[in-house]
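Single-structure report; data block below.
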There are 4 protein chains.
Amino acid sequence: MATATDPVDPAHAPVGGPSSATAQGRELRARGRRTMQRLLDAGSTVFAERGYHAARVDDVVKKAKTSHGTFYLYFSSKEDLFRALAISVATEMAALAADFPPIVGGRSGRADIRAWLGRFYDLYRRSGAVIRTWTEAEMSDSEFGRIGGGLVTEFSARIAARIRPAAPDVDPQLAAMVLVALVERTCYYHVTGSLRTDADTMLDTLATTVQLGVCGAPD
Amino acid sequence: MATATDPVDPAHAPVGGPSSATAQGRELRARGRRTMQRLLDAGSTVFAERGYHAARVDDVVKKAKTSHGTFYLYFSSKEDLFRALAISVATEMAALAADFPPIVGGRSGRADIRAWLGRFYDLYRRSGAVIRTWTEAEMSDSEFGRIGGGLVTEFSARIAARIRPAAPDVDPQLAAMVLVALVERTCYYHVTGSLRTDADTMLDTLATTVQLGVCGAPD
Amino acid sequence: MATATDPVDPAHAPVGGPSSATAQGRELRARGRRTMQRLLDAGSTVFAERGYHAARVDDVVKKAKTSHGTFYLYFSSKEDLFRALAISVATEMAALAADFPPIVGGRSGRADIRAWLGRFYDLYRRSGAVIRTWTEAEMSDSEFGRIGGGLVTEFSARIAARIRPAAPDVDPQLAAMVLVALVERTCYYHVTGSLRTDADTMLDTLATTVQLGVCGAPD
Amino acid sequence: MATATDPVDPAHAPVGGPSSATAQGRELRARGRRTMQRLLDAGSTVFAERGYHAARVDDVVKKAKTSHGTFYLYFSSKEDLFRALAISVATEMAALAADFPPIVGGRSGRADIRAWLGRFYDLYRRSGAVIRTWTEAEMSDSEFGRIGGGLVTEFSARIAARIRPAAPDVDPQLAAMVLVALVERTCYYHVTGSLRTDADTMLDTLATTVQLGVCGAPD
DNA sequence: TATGAATGAGATTTCATTCAT
DNA sequence: AATGAATGAAATCTCATTCAT
């Protein structure tokens with residue numbers, strides 16, 4: 001199915017930026033970069049399908065059509081692969097937050113919100129699993145979840161700087177967090193199939209709710 | 001039962017109803033019931049802290065101050081313990097959904113919503129981990145997630161039957177799901193400490209958003 | 001073959017003192033202690049036969065007739081098993097050093113040295129591999145070899161405190177180290193079969209060399 | 001050639017003679033010989049630092065600033081590299097043994113011994129690791145350790161042919177082995193830093209001990 | 001009813017060696 | 001002659017589950 005805003009299907013588009021060095025820090029040639037990218041893509045998919053803990057390195061290398069040995073040539077551990085994906089996602093989310101539109105009422109305000117939600121949804125389709133895993137900080141004893149004060153906290157803080165909530169006495173921080181809660185989870189339900197409406201309808205509804213319910217802009 | 005503003009922390013209050021039979025179906029005496037309850041409580045905490053897969057039976061028995069042997073006297077597997085917790089939660093959630101108030105505008109409508117949210121929040125504090133684990137269906141190949149069509153789906157379906165969304169052309173199913181998304185995730189952020197506002201403020205804000213943004217009732 | 005000084009064959013006598021707690025620090029019952037002892041004995045033998053790095057946990061558990069799982073119940077890693085053995089050996093060596101006899105000339109002085117060498121030889125037969133591994137600090141990146149400034153250094157320092165070397169201008173530290181070098185390596189050649197003389201002859205020769213050559217006591 | 005008291009550290013001076021043919025027997029040009037020499041030097045260092053088993057081919061090629069592929073162009077295996085180093089050392093040791101001086105008392109006898117020990121020490125500084133590894137026959141199932149009956153055995157047998165031990169009833173074989181034990185291990189302690197005396201003092205002491213203690217020549 | 005001990009299948013990780021350019 | 005990449009067998013380690021008392 002085509003995505004809500006983008007003609008090309010990004011559901012399995014490559015993730016992971018141009019950074020490319022092995023676990024030992026060696027720089028890569030073209031072939032090595034391709035293999036690394038295959039592993040990143042496979043990791044993204046497998047984490048999405050099974051969650052961080054249930055995902056086995058074996059699943060990743062099978063999906064990437066390579067070997068265990070090769071995996072550890074590029075990533076020093078399963079967690080290292082996750083970290084690579086997470087950093088890339090965090091970067092995308094920061095950029096997205098920076099583009100959150102000024103909230104205004106009326107048709108055009110609503111269209112801006114709607115467009116932004118479409119971008120969020122695309123990102124979530126590609127990287128929701130990483131976002132969720134990081135959020136839940138299921139990795140307990142690792143240093144994850146402490147990076148940057150939490151992916152979602154960071155994201156909502158950036159949005160808070162750009163919104164004016166419904167009631168004048170509501171803390172923008174709180175409003176932003178509620179907004180993120182609403183949007184993230186609804187996208188989640190949709191991506192996982194719990195919510196069977198088509199994506200556009202869902203995003204339209206979300207846009208209304210954000211405009212009216214969270215930010216209180218008159219229609 | 002503790003309320004959303006109760007000063008004592010009920011987050012790990014006992015869970016699991018009066019049902020008490022071992023893995024082999026044997027009926028229990030007082031001591032056995034206490035042991036089983038300790039295991040249920042410990043399981044609830046450990047699943048909350050680490051997630052289903054990362055939770056080890058060893059963690060549970062250590063927290064319950066008992067042994068592996070004893071664990072398997074009461075539960076046939078790790079999954080069985082989870083199921084016991086899940087069933088108890090599912091029952092509570094069904095009851096809660098049945099009490100979802102009719103949406104009306106004005107002060108009294110808002111107060112009804114606010115009270116219901118307080119109950120949800122209490123439940124979530126105690127059993128959020130189970131809800132999340134079940135929702136994410138982290139348990140891959142087991143028959144979980146198929147039970148009753150998903151905990152959240154079921155819950156929102158029951159709520160859908162009781163609401164009339166903001167815009168007349170919005171599907172009540174969709175609106176209910178959005179509502180659940182909003183409420184569940186905001187509570188989650190609060191329980192895990194990502195959202196530092198006090199509980200009452202958060203629940204007040206949620207009540208407003210539900211009344212205005214999701215259900216579109218005028219103030 | 002009977003040992004040089006002791007009627008019972010200590011070549012595979014149990015090693016590891018009465019300390020007995022699992023890797024997680026739990027205290028042990030009789031059965032557990034027996035298993036742990038089997039693992040210590042097996043470890044001692046396997047390290048002796050193959051050296052630290054070539055020794056596989058698999059060899060150890062096979063020799064101890066137990067399973068991998070059990071191994072890790074008692075020791076957190078291969079290195080941990082080695083550490084347990086090493087501590088026990090270090091203790092024995094300290095005791096032995098404390099008994100190093102005052103060097104005097106004549107028959108009785110020689111007999112004292114000879115008796116002490118017999119004890120060293122027995123210890124070396126049982127634990128030479130651990131001594132050598134620790135000495136070579138083959139374990140590079142671990143904190144081993146740094147414990148107590150080196151097993152052999154410590155040992156010879158204790159002996160230095162008790163000897164008066166041949167030439168008056170020779171540093172006792174140096175003389176003691178030379179003594180240890182001589183004794184340790186000769187025992188090594190004998191234990192490994194490079195030196196085919198019988199043990200008593202070898203120890204007699206060593207006694208003479210120590211009395212005359214290192215400590216310079218007149219015959 | 002550097003002497004035992006040379007201020008520059010020759011510990012890792014090039015090893016490996018002029019023989020130069022690849023693993024496949026191909027003859028080499030100048031560049032190839034240089035590469036092979038780099039690998040031999042690196043191998044010598046790495047085996048010294050970590051021991052045979054802990055040494056990784058990766059360590060060797062990194063130190064030699066070349067690649068895995070290149071390594072296997074020159075040596076058919078890790079063991080093959082070791083063998084190349086070992087053969088070179090064995091040759092040097094045979095030559096050294098042949099030069100062992102006739103043991104006589106007095107100053108000039110002592111000076112001869114002292115000079116010989118200086119040569120041994122130099123050799124040991126460069127190649128001690130290979131000597132030790134070969135001695136300990138860490139290479140388990142390979143045909144190593146059987147070559148020529150053991151490096152040290154061979155060496156001491158050659159020396160035995162040239163000495164007359166202290167007591168007339170002592171086997172020259174035994175005396176030679178004791179001598180080698182004494183000298184090898186003392187040099188080892190010095191090279192590894194366990195023995196902090198300066199090299200000349202140590203070698204003087206060794207000379208005395210050999211003359212008096214092992215060979216029993218009067219002063 | 002309780003528990004300490006044991007198990008083994010399966011997961012992660014390492015590394016000598018081979019391949020393709 | 002050189003090299004970056006790939007491989008897979010074998011090693012270490014984990015943990016749900018069963019056993020024996």
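Letters A, B, ... go to the chains of the structure tokens in the order shown; residues in each chain start at 1; ligands are counted from 1 in the same order.
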Proximity check chain E to chain B, 10 Å, nearest pairs one decimal Å, only C-alpha atoms (C1' of nucleotides), as CSV:
residue,atom,partner,partner_atom,distance
E:DT1,C1',B:Gly32,CA,7.5
E:DA2,C1',B:Thr70,CA,6.2
E:DT3,C1',B:Ser67,CA,5.9
E:DG4,C1',B:Ser67,CA,8.2
Store the residues picked out above in a file with N, CA and C atoms (P, O5', C5', C4', C3', O3' and C1' of nucleotides), as an mmCIF file, in the first residue's frame.
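File result.cif, as written:
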data_model
loop_
_atom_site.group_PDB
_atom_site.id
_atom_site.type_symbol
_atom_site.label_atom_id
_atom_site.label_comp_id
_atom_site.auth_asym_id
_atom_site.auth_seq_id
_atom_site.Cartn_x
_atom_site.Cartn_y
_atom_site.Cartn_z
ATOM 1 P P DT E 1 -0.033 -28.358 49.003
ATOM 2 O "O5'" DT E 1 1.303 -27.557 49.361
ATOM 3 C "C5'" DT E 1 1.486 -27.089 50.670
ATOM 4 C "C4'" DT E 1 2.964 -26.943 50.880
ATOM 5 C "C3'" DT E 1 3.631 -26.003 49.874
ATOM 6 O "O3'" DT E 1 4.117 -24.900 50.629
ATOM 7 C "C1'" DT E 1 4.924 -27.973 50.239
ATOM 8 P P DA E 2 4.886 -23.794 49.945
ATOM 9 O "O5'" DA E 2 6.320 -24.485 49.863
ATOM 10 C "C5'" DA E 2 6.993 -24.752 51.088
ATOM 11 C "C4'" DA E 2 8.399 -25.178 50.778
ATOM 12 C "C3'" DA E 2 9.115 -24.282 49.773
ATOM 13 O "O3'" DA E 2 10.161 -23.642 50.479
ATOM 14 C "C1'" DA E 2 9.488 -26.595 49.340
ATOM 15 P P DT E 3 11.021 -22.552 49.710
ATOM 16 O "O5'" DT E 3 12.227 -23.446 49.184
ATOM 17 C "C5'" DT E 3 12.946 -24.223 50.127
ATOM 18 C "C4'" DT E 3 13.990 -25.033 49.413
ATOM 19 C "C3'" DT E 3 14.698 -24.252 48.299
ATOM 20 O "O3'" DT E 3 16.075 -24.409 48.447
ATOM 21 C "C1'" DT E 3 14.041 -26.350 47.515
ATOM 22 P P DG E 4 17.034 -23.223 48.467
ATOM 23 O "O5'" DG E 4 18.401 -23.968 48.133
ATOM 24 C "C5'" DG E 4 18.784 -25.045 48.960
ATOM 25 C "C4'" DG E 4 19.442 -26.112 48.105
ATOM 26 C "C3'" DG E 4 20.541 -25.599 47.191
ATOM 27 O "O3'" DG E 4 21.599 -26.541 47.274
ATOM 28 C "C1'" DG E 4 18.905 -26.737 45.903
#
Legend entry - Close residues, segment 6-20 of chain E itself excluded, 8 Å, only C-alpha atoms (C1' of nucleotides), min 2 positions apart in chain, as a ChimeraX atom specification: /A:56-57,72 /C:67,69-70 /D:56-57,77-78 /F:6-7,11-14,18-19
Inset, instruction - Quote the spacing between atom CA of Ile103 of chain B and atom CA of Asp200 of chain A in Å to one decimal place. - result: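 Between atom CA of Ile103 of chain B and atom CA of Asp200 of chain A the gap is 26.0 Å.
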Got a sec: who's within 9 Å of Pro102 of chain C, counting only C-alpha atoms (C1' of nucleotides), leaving out chain neighbours fewer than 3 positions off, as an mmCIF file with C-alpha atoms, in the first residue's frame?
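Contents of around00.cif, as written:
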data_model
loop_
_atom_site.group_PDB
_atom_site.id
_atom_site.type_symbol
_atom_site.label_atom_id
_atom_site.label_comp_id
_atom_site.auth_asym_id
_atom_site.auth_seq_id
_atom_site.Cartn_x
_atom_site.Cartn_y
_atom_site.Cartn_z
ATOM 1 C CA GLY C 109 71.189 -27.840 56.740
ATOM 2 C CA ASP C 112 66.179 -29.148 55.773
ATOM 3 C CA ILE C 113 66.494 -27.767 52.279
ATOM 4 C CA ARG C 162 64.916 -15.679 55.047
ATOM 5 C CA ILE C 163 68.144 -16.295 53.152
ATOM 6 C CA ARG C 164 71.693 -15.036 53.166
#
Mind running chain F against chain A at 12 Å and telling me each contacting residue's nearest atom pair with the distance in Å (one decimal), counting only C-alpha atoms (C1' of nucleotides), chain and number ascending, as CSV?
residue,atom,partner,partner_atom,distance
F:DT3,C1',A:Arg29,CA,11.5
F:DG4,C1',A:Arg29,CA,7.8
F:DA5,C1',A:Gly32,CA,6.9
F:DA6,C1',A:Thr70,CA,6.3
F:DT7,C1',A:Gly69,CA,6.7
F:DG8,C1',A:Gly69,CA,7.7
F:DA9,C1',A:Gly69,CA,10.8
Take the residues just selected and output them with N, CA and C atoms (P, O5', C5', C4', C3', O3' and C1' of nucleotides) as a PDB file, in the first residue's frame.
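File written: selection_12.pdb
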ATOM      1  P    DT F   3      48.735  -4.910   1.500  1.00  0.00           P
ATOM      2  O5'  DT F   3      47.167  -5.124   1.324  1.00  0.00           O
ATOM      3  C5'  DT F   3      46.474  -4.311   0.392  1.00  0.00           C
ATOM      4  C4'  DT F   3      45.025  -4.735   0.331  1.00  0.00           C
ATOM      5  C3'  DT F   3      44.449  -5.057   1.716  1.00  0.00           C
ATOM      6  O3'  DT F   3      43.244  -4.371   1.871  1.00  0.00           O
ATOM      7  C1'  DT F   3      43.899  -6.738   0.186  1.00  0.00           C
ATOM      8  P    DG F   4      42.949  -3.595   3.168  1.00  0.00           P
ATOM      9  O5'  DG F   4      41.363  -3.537   3.080  1.00  0.00           O
ATOM     10  C5'  DG F   4      40.790  -3.057   1.887  1.00  0.00           C
ATOM     11  C4'  DG F   4      39.528  -3.833   1.585  1.00  0.00           C
ATOM     12  C3'  DG F   4      38.570  -3.952   2.759  1.00  0.00           C
ATOM     13  O3'  DG F   4      37.264  -3.731   2.241  1.00  0.00           O
ATOM     14  C1'  DG F   4      39.132  -6.122   1.984  1.00  0.00           C
ATOM     15  P    DA F   5      36.009  -3.825   3.187  1.00  0.00           P
ATOM     16  O5'  DA F   5      35.529  -5.323   2.938  1.00  0.00           O
ATOM     17  C5'  DA F   5      35.139  -5.689   1.614  1.00  0.00           C
ATOM     18  C4'  DA F   5      34.711  -7.147   1.590  1.00  0.00           C
ATOM     19  C3'  DA F   5      33.650  -7.516   2.628  1.00  0.00           C
ATOM     20  O3'  DA F   5      32.539  -8.032   1.908  1.00  0.00           O
ATOM     21  C1'  DA F   5      35.442  -9.095   2.638  1.00  0.00           C
ATOM     22  P    DA F   6      31.283  -8.566   2.703  1.00  0.00           P
ATOM     23  O5'  DA F   6      31.596 -10.113   2.877  1.00  0.00           O
ATOM     24  C5'  DA F   6      31.797 -10.885   1.697  1.00  0.00           C
ATOM     25  C4'  DA F   6      32.069 -12.309   2.096  1.00  0.00           C
ATOM     26  C3'  DA F   6      31.056 -12.905   3.085  1.00  0.00           C
ATOM     27  O3'  DA F   6      30.492 -14.052   2.478  1.00  0.00           O
ATOM     28  C1'  DA F   6      33.293 -13.336   3.788  1.00  0.00           C
ATOM     29  P    DT F   7      29.323 -14.794   3.229  1.00  0.00           P
ATOM     30  O5'  DT F   7      30.103 -15.982   3.925  1.00  0.00           O
ATOM     31  C5'  DT F   7      30.985 -16.762   3.128  1.00  0.00           C
ATOM     32  C4'  DT F   7      31.727 -17.733   4.006  1.00  0.00           C
ATOM     33  C3'  DT F   7      30.830 -18.454   5.017  1.00  0.00           C
ATOM     34  O3'  DT F   7      30.802 -19.816   4.667  1.00  0.00           O
ATOM     35  C1'  DT F   7      32.878 -17.715   5.995  1.00  0.00           C
ATOM     36  P    DG F   8      29.553 -20.723   4.934  1.00  0.00           P
ATOM     37  O5'  DG F   8      30.074 -21.577   6.179  1.00  0.00           O
ATOM     38  C5'  DG F   8      31.319 -22.258   6.099  1.00  0.00           C
ATOM     39  C4'  DG F   8      31.749 -22.673   7.492  1.00  0.00           C
ATOM     40  C3'  DG F   8      30.611 -23.165   8.386  1.00  0.00           C
ATOM     41  O3'  DG F   8      31.139 -24.116   9.285  1.00  0.00           O
ATOM     42  C1'  DG F   8      31.607 -21.344   9.403  1.00  0.00           C
ATOM     43  P    DA F   9      30.598 -25.580   9.250  1.00  0.00           P
ATOM     44  O5'  DA F   9      31.713 -26.333  10.103  1.00  0.00           O
ATOM     45  C5'  DA F   9      33.091 -26.087   9.859  1.00  0.00           C
ATOM     46  C4'  DA F   9      33.825 -25.791  11.158  1.00  0.00           C
ATOM     47  C3'  DA F   9      33.344 -26.618  12.358  1.00  0.00           C
ATOM     48  O3'  DA F   9      34.498 -26.965  13.107  1.00  0.00           O
ATOM     49  C1'  DA F   9      33.162 -24.329  12.871  1.00  0.00           C
TER      50       DA F   9
END
Legend entry - Among listed residues A:Asp80, A:Asp171, A:Asp59, A:Asp122, nearest Thr22 of chain A (using only C-alpha atoms):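 For Thr22 of chain A, the nearest of the given residues is A:Asp80.
For the pair atom CA of Lys65 of chain B and atom CA of Arg33 of chain B, the separation is 14.6 Å.
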Interface rows for chain D against chain C: nearest pair, Å to one decimal, 6 Å, only C-alpha atoms, as JSON lines:
{"residue": "D:Arg50", "atom": "CA", "partner": "C:Glu138", "partner_atom": "CA", "distance": 5.8}
{"residue": "D:His53", "atom": "CA", "partner": "C:His53", "partner_atom": "CA", "distance": 6.0}
{"residue": "D:Val178", "atom": "CA", "partner": "C:Thr186", "partner_atom": "CA", "distance": 5.8}
{"residue": "D:Ala181", "atom": "CA", "partner": "C:Arg185", "partner_atom": "CA", "distance": 5.1}
{"residue": "D:Leu182", "atom": "CA", "partner": "C:Leu182", "partner_atom": "CA", "distance": 4.1}
{"residue": "D:Arg185", "atom": "CA", "partner": "C:Ala181", "partner_atom": "CA", "distance": 5.0}
{"residue": "D:Thr186", "atom": "CA", "partner": "C:Ala181", "partner_atom": "CA", "distance": 5.5}
{"residue": "D:Thr209", "atom": "CA", "partner": "C:Gly213", "partner_atom": "CA", "distance": 4.6}
{"residue": "D:Leu212", "atom": "CA", "partner": "C:Gly213", "partner_atom": "CA", "distance": 5.2}
{"residue": "D:Gly213", "atom": "CA", "partner": "C:Gly213", "partner_atom": "CA", "distance": 3.3}
{"residue": "D:Val214", "atom": "CA", "partner": "C:Thr209", "partner_atom": "CA", "distance": 5.9}
Legend entry - Sel. of alpha helix (DSSP H) residues, segment 21-76 of chain C, as a ChimeraX atom specification: /C:30-50,57-63,68-74
Legend entry - Distance in Å - atom CA of Pro168 of chain D versus atom CA of Arg107 of chain C: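 Atom CA of Arg107 of chain C lies 18.0 Å from atom CA of Pro168 of chain D.
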Inset, instruction - Rank nothing, just name the residue among A:Arg34, A:Arg125, A:Arg110, A:Arg158 nearest to Gly193 of chain A, using only C-alpha atoms. - result: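 The closest residue to Gly193 of chain A is A:Arg125.
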